[in-house]
Amino acid sequence: EVVVTGLMAIACAAIGNTRWVVARGLHVPLSLHYLTVLPSGSGKGPVRQYLRRAAGGIEKGVDRRREEARRERQDYEAELERWKSDGRSQKRRESRGPRPEPPLLSPHGGERVSFVVSEANLEGVVATLEDTPRGFLWASDEAHEVLGMLGRYGDKGARSVDAARLRRLMDGAPVEAHRARSNASSVRRLPRPVLAFDADVQPGVVEPLFNREDYVSGMAARMLIHCPPPMQGSRSYVAPPPEPGPEVLELLRARLAAMWTIELRLEEGVPQHEPLTLDDEAELLWAQELERLERRYPNAGDSETGALGHARGRLLRLSGVLALLRDPGSRTVSAEDMRRAIVHVRYHLAHYRALLGGGDSEQDRLDRLGQQVQKILAR
């Protein structure tokens, strides 16, 4: 489970703002927000490091773009200084030409462009997104770096403001962050942000990680929470299982690179995504699963109700990422992509209920009983 969610998260960063799923009037970004509940020393770190190796070529390209953007800014500042200097002389002022324009934001990003960020507070994330129109992955081995920093440096109501801003980033909704600095207003505008994240939390800390407002507002419900079985007590050191061969790493590199090379188009600084649509069978499967989830509402608690409500969009996001992992050139979500997305959503909803929602619902028990009956009849 840790490998799958880690790969899905890093695929979100590779796809970014280039593709959104469009279905029945909904437009959803392909950003996922994973919260993995595991004790310390469970081995999530090596998995994340392995996946970062697979994305090493992408990160080197991002570093080069960052340096290019820095040089562009320096060239602009030097040209602007020359223009100002020419204005001090009447003779040179007449021939100096128009004031130089600052460099436009490139689809490849600016000086703070990033692919994966591992340490940041929310203000730093907003600043980095301003320079990263494609979007990026916020990966942390401690979920408190994502949620515990909300409102840390503000007044009593600052957490609510930060939490609302984070929810908008998760939804891909426009954000304007105003900050007063030196008696002047600093405004960061994100017209279409895409932010995925992959964070860890230890058991016993997951519930206190959210306050009551997070449940009411849907912050917790937006998370794809899971608690994989820990490996402690069953690991073998004398005869350890074989590590993935080099062909696996090369396959991952090739697939991530293919998604990363999908061009992002900007219009007046606003990212323009291309649509991923559902084929007819995929749309039918999506609708059938939504009706199945509808039947769980009467017996669901407040917390689970929020998770059920957000499952509609999470199905679309997951199916879109799975479609592009299958074929980076795909323009449609297939029925098989949607079936796999349904498996993912059911898995995360089950873990959400176990951790935050109060256990199985009556509908779940009936569904399991029906599956058992079908297996008996099949035999």
# chains A, B, ... in the order shown; residues from 1 in each chain; ligands from 1
call {"tool": "residues_around", "arguments": {"residues": "Phe115 in chain A", "least_positions_apart": "2", "cutoff": "8 Å", "atoms": "only C-alpha atoms", "output": "mmCIF file with all heavy atoms, in the first residue's frame"}}
result
data_model
loop_
_atom_site.group_PDB
_atom_site.id
_atom_site.type_symbol
_atom_site.label_atom_id
_atom_site.label_comp_id
_atom_site.auth_asym_id
_atom_site.auth_seq_id
_atom_site.Cartn_x
_atom_site.Cartn_y
_atom_site.Cartn_z
ATOM 1 N N ALA A 13 2.564 14.981 -9.148
ATOM 2 C CA ALA A 13 3.498 16.081 -9.398
ATOM 3 C C ALA A 13 3.955 16.093 -10.854
ATOM 4 O O ALA A 13 4.167 17.162 -11.439
ATOM 5 C CB ALA A 13 4.699 15.968 -8.461
ATOM 6 N N ALA A 14 4.120 14.901 -11.437
ATOM 7 C CA ALA A 14 4.549 14.832 -12.839
ATOM 8 C C ALA A 14 3.454 15.338 -13.784
ATOM 9 O O ALA A 14 3.737 16.019 -14.766
ATOM 10 C CB ALA A 14 4.927 13.398 -13.187
ATOM 11 N N ILE A 58 13.791 14.367 -13.537
ATOM 12 C CA ILE A 58 12.867 15.500 -13.486
ATOM 13 C C ILE A 58 13.401 16.568 -12.538
ATOM 14 O O ILE A 58 13.408 17.764 -12.854
ATOM 15 C CB ILE A 58 11.468 15.025 -13.040
ATOM 16 C CG1 ILE A 58 10.869 14.092 -14.095
ATOM 17 C CG2 ILE A 58 10.552 16.215 -12.788
ATOM 18 C CD1 ILE A 58 9.550 13.478 -13.683
ATOM 19 N N GLU A 59 13.858 16.142 -11.358
ATOM 20 C CA GLU A 59 14.329 17.108 -10.366
ATOM 21 C C GLU A 59 15.576 17.842 -10.849
ATOM 22 O O GLU A 59 15.758 19.037 -10.562
ATOM 23 C CB GLU A 59 14.577 16.405 -9.035
ATOM 24 C CG GLU A 59 13.306 15.796 -8.462
ATOM 25 C CD GLU A 59 13.342 15.612 -6.962
ATOM 26 O OE1 GLU A 59 13.441 16.623 -6.250
ATOM 27 O OE2 GLU A 59 13.281 14.456 -6.519
ATOM 28 N N VAL A 62 14.356 20.543 -13.107
ATOM 29 C CA VAL A 62 13.781 21.639 -12.314
ATOM 30 C C VAL A 62 14.894 22.523 -11.758
ATOM 31 O O VAL A 62 14.784 23.760 -11.747
ATOM 32 C CB VAL A 62 12.897 21.074 -11.193
ATOM 33 C CG1 VAL A 62 12.499 22.165 -10.206
ATOM 34 C CG2 VAL A 62 11.634 20.427 -11.787
ATOM 35 N N VAL A 113 10.650 27.410 -8.571
ATOM 36 C CA VAL A 113 9.965 26.246 -9.126
ATOM 37 C C VAL A 113 10.441 24.973 -8.426
ATOM 38 O O VAL A 113 11.621 24.824 -8.096
ATOM 39 C CB VAL A 113 10.208 26.152 -10.653
ATOM 40 C CG1 VAL A 113 11.663 25.963 -10.996
ATOM 41 C CG2 VAL A 113 9.368 25.044 -11.272
ATOM 42 N N VAL A 117 8.549 19.158 -2.559
ATOM 43 C CA VAL A 117 8.990 19.955 -1.417
ATOM 44 C C VAL A 117 8.809 19.110 -0.164
ATOM 45 O O VAL A 117 7.738 18.544 0.059
ATOM 46 C CB VAL A 117 8.174 21.259 -1.306
ATOM 47 C CG1 VAL A 117 8.457 21.975 0.005
ATOM 48 C CG2 VAL A 117 8.472 22.172 -2.475
ATOM 49 N N GLY A 135 2.391 23.009 -10.586
ATOM 50 C CA GLY A 135 2.053 22.412 -9.301
ATOM 51 C C GLY A 135 3.159 21.487 -8.832
ATOM 52 O O GLY A 135 4.098 21.186 -9.566
ATOM 53 N N PHE A 136 3.063 21.023 -7.584
ATOM 54 C CA PHE A 136 4.103 20.146 -7.056
ATOM 55 C C PHE A 136 3.553 19.270 -5.937
ATOM 56 O O PHE A 136 2.381 19.394 -5.530
ATOM 57 C CB PHE A 136 5.322 20.955 -6.569
ATOM 58 C CG PHE A 136 5.050 21.883 -5.407
ATOM 59 C CD1 PHE A 136 5.137 21.444 -4.100
ATOM 60 C CD2 PHE A 136 4.742 23.214 -5.632
ATOM 61 C CE1 PHE A 136 4.910 22.300 -3.037
ATOM 62 C CE2 PHE A 136 4.512 24.080 -4.576
ATOM 63 C CZ PHE A 136 4.592 23.622 -3.270
ATOM 64 N N LEU A 137 4.418 18.393 -5.431
ATOM 65 C CA LEU A 137 4.072 17.467 -4.353
ATOM 66 C C LEU A 137 4.725 17.947 -3.061
ATOM 67 O O LEU A 137 5.927 18.205 -3.026
ATOM 68 C CB LEU A 137 4.562 16.057 -4.686
ATOM 69 C CG LEU A 137 4.488 15.008 -3.565
ATOM 70 C CD1 LEU A 137 3.040 14.740 -3.166
ATOM 71 C CD2 LEU A 137 5.179 13.715 -3.992
#
call {"tool": "select_by_dssp", "arguments": {"residues": "range 120-222 of chain A", "states": "strand (DSSP E or B)", "output": "list of chain:residue names"}}
result
A:Phe136, A:Leu137, A:Trp138, A:Ala139, A:Ser140, A:Val175, A:Glu176, A:Ala177, A:His178, A:Arg179, A:Ala180, A:Arg181, A:Ala184, A:Ser185, A:Ser186, A:Val187, A:Arg188, A:Arg189, A:Leu190, A:Leu195, A:Ala196, A:Phe197, A:Asp198, A:Ala199, A:Asp200, A:Val201
call {"tool": "write_last_selection", "arguments": {"atoms": "C-alpha atoms", "output": "PDB file, in the first residue's frame"}}
result
ATOM      1  CA  PHE A 136       4.103  20.146  -7.056  1.00  0.00           C
ATOM      2  CA  LEU A 137       4.072  17.467  -4.353  1.00  0.00           C
ATOM      3  CA  TRP A 138       4.410  18.371  -0.666  1.00  0.00           C
ATOM      4  CA  ALA A 139       5.953  15.215   0.821  1.00  0.00           C
ATOM      5  CA  SER A 140       6.693  14.946   4.522  1.00  0.00           C
ATOM      6  CA  VAL A 175      -6.161  31.708  -3.953  1.00  0.00           C
ATOM      7  CA  GLU A 176      -5.114  35.255  -3.074  1.00  0.00           C
ATOM      8  CA  ALA A 177      -2.733  35.432  -0.114  1.00  0.00           C
ATOM      9  CA  HIS A 178      -2.365  38.928   1.336  1.00  0.00           C
ATOM     10  CA  ARG A 179       0.506  39.721   3.673  1.00  0.00           C
ATOM     11  CA  ALA A 180       1.345  43.133   5.154  1.00  0.00           C
ATOM     12  CA  ARG A 181       5.080  43.789   5.026  1.00  0.00           C
ATOM     13  CA  ALA A 184       2.950  47.658   2.120  1.00  0.00           C
ATOM     14  CA  SER A 185       0.639  44.910   0.937  1.00  0.00           C
ATOM     15  CA  SER A 186       2.206  41.783  -0.524  1.00  0.00           C
ATOM     16  CA  VAL A 187      -0.257  39.774  -2.595  1.00  0.00           C
ATOM     17  CA  ARG A 188       0.339  36.325  -4.073  1.00  0.00           C
ATOM     18  CA  ARG A 189      -2.231  35.270  -6.644  1.00  0.00           C
ATOM     19  CA  LEU A 190      -2.665  31.629  -7.625  1.00  0.00           C
ATOM     20  CA  LEU A 195      -0.928  20.836  -4.785  1.00  0.00           C
ATOM     21  CA  ALA A 196      -0.647  17.137  -3.935  1.00  0.00           C
ATOM     22  CA  PHE A 197       0.726  15.825  -0.700  1.00  0.00           C
ATOM     23  CA  ASP A 198       1.959  12.627   0.842  1.00  0.00           C
ATOM     24  CA  ALA A 199       2.433  12.823   4.615  1.00  0.00           C
ATOM     25  CA  ASP A 200       2.960  10.337   7.444  1.00  0.00           C
ATOM     26  CA  VAL A 201       1.625  10.298  10.984  1.00  0.00           C
TER      27      VAL A 201
END
call {"tool": "residues_around", "arguments": {"residues": "range 335-338 of chain A", "least_positions_apart": "2", "cutoff": "7 Å", "atoms": "only C-alpha atoms", "output": "ChimeraX atom specification"}}
result
/A:281-282,285-286,319,322-323,333,340-342
call {"tool": "closest_residue", "arguments": {"among": "A:Gln372, A:Thr36, A:Thr332, A:Gln74", "to": "Ala23 in chain A", "atoms": "only C-alpha atoms"}}
result
A:Thr332
call {"tool": "closest_residue", "arguments": {"among": "A:Arg192, A:Arg19, A:His27, A:His33", "to": "Arg222 in chain A", "atoms": "only C-alpha atoms"}}
result
A:His33
call {"tool": "closest_residue", "arguments": {"among": "A:Val270, A:Val238, A:Leu251, A:Ala55", "to": "Ser106 in chain A", "atoms": "only C-alpha atoms"}}
result
A:Val270
